[in-house]
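**Student:** One structure follows; several queries about it will come next.
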Amino acid sequence: MKMGQKGGVLVLVLLVGLFLIGVVSCLKNVKLKVPRAVVRGQDAVLQCHYDLEGDKLYSVKWYRGNFEFFRYSPGENPKIKQFKLRGLNVNEGESKDTQVVLEKVSQDISGMYSCEVTADQPSFFTDMRTSELKVIDLPKKDPQIDGLKTRYKLEDVLKANCCSEGSYPAANLTWYINGIPVQEKFIWHLEPAIYNEDGLVT
């Protein structure tokens with residue numbers, strides 16, 4: 001009797017172990033690809049890749065912060081659902097199970113984006129990845145240098161100002177003399193100033 005009980009326990013443990021292995025291995029390698037920076041007014045393509053290892057897909061959900069804005073569920077009709085968020089415009093025709101396309105992005109939509117993938121029954125295993133999207137504005141024109149003389153005598157002090165207008169975030173400026181970067185100790189950095197109502201800086 002005792003031998004039979006032990007055997008039953010052993011078989012049960014093995015069955016549970018095999019079931020858990022199947023659950024754990026059904027969804028893996030979830031990878032989120034978000035562009036490091038997108039110029040304002042352009043489209044942004046966010047990609048979410050995963051390996052279901054033969055299982056069916058239940059859903060892919062996209063979030064900005066804690067708010068869901070797009071869902072792909074192949075078992076539902078319609079497959080695609082949108083949840084409106086201010087400033088987010090999804091190109092539904094170009095969006096699918098592995099990507100979402102944001103149209104004509106603005107600075108307001110910069111932030112953290114997440115992709116949540118869920119496998120279908122019986123496991124309903126879920127995994128999520130998060131990455132940051134930044135919307136930028138490039139400078140409207142080349143940097144301007146003021147205060148530079150055409151000639152200098154030996155041991156003269158050179159004072160000049162380099163300014164780049166209309167970008168976000170502020171442009172990173174580097175001084176060169178004859179192709180050689182100027183040492184940081186000779187450079188004085190000014191705080192960026194607001195350029196206009198769009199939040200661009202100088």
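Labels for the structure tokens follow display order: chains A, B, ..., residues from 1 in each chain, ligands from 1.
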For segment 77-89 of chain A, find every residue with an atom within 10 Å (counting only C-alpha atoms), except residues of its own chain fewer than 2 positions away, and show them as a PyMOL selection string.
**Tutor:** chain A and resi 43+59-64+67-75+91-93+95-97+101-110
**Student:** Hey, can you spit out that residue selection with C-alpha atoms as an mmCIF file, in the first residue's frame?
**Tutor:**
data_model
loop_
_atom_site.group_PDB
_atom_site.id
_atom_site.type_symbol
_atom_site.label_atom_id
_atom_site.label_comp_id
_atom_site.auth_asym_id
_atom_site.auth_seq_id
_atom_site.Cartn_x
_atom_site.Cartn_y
_atom_site.Cartn_z
ATOM 1 C CA ASP A 43 6.153 58.587 -38.604
ATOM 2 C CA SER A 59 -3.029 39.298 -28.043
ATOM 3 C CA VAL A 60 -0.412 42.018 -28.412
ATOM 4 C CA LYS A 61 -1.091 45.191 -26.445
ATOM 5 C CA TRP A 62 0.725 48.519 -26.728
ATOM 6 C CA TYR A 63 0.961 51.066 -23.927
ATOM 7 C CA ARG A 64 2.237 54.596 -23.509
ATOM 8 C CA PHE A 67 -2.356 53.575 -20.807
ATOM 9 C CA GLU A 68 -3.189 51.083 -23.550
ATOM 10 C CA PHE A 69 -3.641 52.627 -26.998
ATOM 11 C CA PHE A 70 -3.498 49.679 -29.432
ATOM 12 C CA ARG A 71 -4.427 45.999 -29.310
ATOM 13 C CA TYR A 72 -4.083 43.164 -31.817
ATOM 14 C CA SER A 73 -6.170 40.051 -31.046
ATOM 15 C CA PRO A 74 -6.256 37.534 -33.947
ATOM 16 C CA GLY A 75 -9.107 35.554 -32.383
ATOM 17 C CA ASN A 91 -1.824 54.156 -38.835
ATOM 18 C CA GLU A 92 -4.095 51.131 -38.565
ATOM 19 C CA GLY A 93 -3.385 49.958 -42.108
ATOM 20 C CA SER A 95 0.011 48.280 -37.881
ATOM 21 C CA LYS A 96 -0.197 44.553 -37.148
ATOM 22 C CA ASP A 97 0.809 41.831 -34.677
ATOM 23 C CA VAL A 101 3.001 52.864 -36.688
ATOM 24 C CA LEU A 102 2.518 56.312 -35.153
ATOM 25 C CA GLU A 103 1.769 59.042 -37.685
ATOM 26 C CA LYS A 104 3.193 62.577 -37.688
ATOM 27 C CA VAL A 105 4.540 62.432 -34.155
ATOM 28 C CA SER A 106 4.704 65.466 -31.874
ATOM 29 C CA GLN A 107 6.794 66.259 -28.804
ATOM 30 C CA ASP A 108 3.782 65.486 -26.607
ATOM 31 C CA ILE A 109 4.026 61.750 -27.275
ATOM 32 C CA SER A 110 7.611 61.347 -26.056
#
**Student:** Would you list the contacts of Cys115 of chain A as a list in words, taking every protein, DNA or RNA residue within 9 Å and counting only C-alpha atoms, but skipping same-chain residues closer than 3 positions in sequence?
**Tutor:**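 Contacts, in chain order: Val30, Lys31, Leu32, Gln47, Cys48, Val60, Lys61, Trp62, Tyr63, Asp127, Met128, Arg129, Thr130 and Ser131 of chain A.
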**Student:** Taking only chain A into account, list the residues labelled strand (DSSP E) by DSSP (computed from the backbone), as a PyMOL selection string.
**Tutor:** chain A and resi 28-33+38-39+44-51+57-64+67-72+80-82+99-102+111-119+126-133+135-136+144-146+161-163+176-177+180-181
**Student:** I'd like to know which residues of segment 4-161 of chain A are alpha helix (DSSP H) (by DSSP, run on the backbone); could you write them as an MDAnalysis selection string?
**Tutor:** chainID A and resid 4:24
**Student:** I'd like to know which of A:Ile180, A:Ala119, A:Ala44, A:Leu173 is closest to Pro143 of chain A, using only C-alpha atoms.
**Tutor:** A:Leu173
**Student:** Just the residues within 12 Å of Ile177 of chain A, please, counting only C-alpha atoms, with nothing from its chain fewer than 5 positions along; format it as a PyMOL selection string.
**Tutor:** chain A and resi 158+182-183
**Student:** Excluding same-chain residues fewer than 2 positions from Gln144 of chain A, what lies within 7 Å of it counting only C-alpha atoms, as a list of chain:residue names?
**Tutor:**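 Residues meeting the cut-off are A:Asp142, A:Asp146, A:Cys162, A:Cys163, A:Ser164.
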**Student:** Compare A:Leu138, A:Asn178, A:Ala171, A:Glu94 by their minimum atom-to-atom distance to Glu191 of chain A, counting only C-alpha atoms, and give me the closest one.
**Tutor:** A:Ala171
**Student:** Excluding Lys140 of chain A and its own-chain neighbours fewer than 3 positions away, which residues fall within 8 Å of it when counting only C-alpha atoms? Please give them as a list in words.
**Tutor:**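 The contact residues come out as Glu165, Gly166 and Ser167 of chain A.
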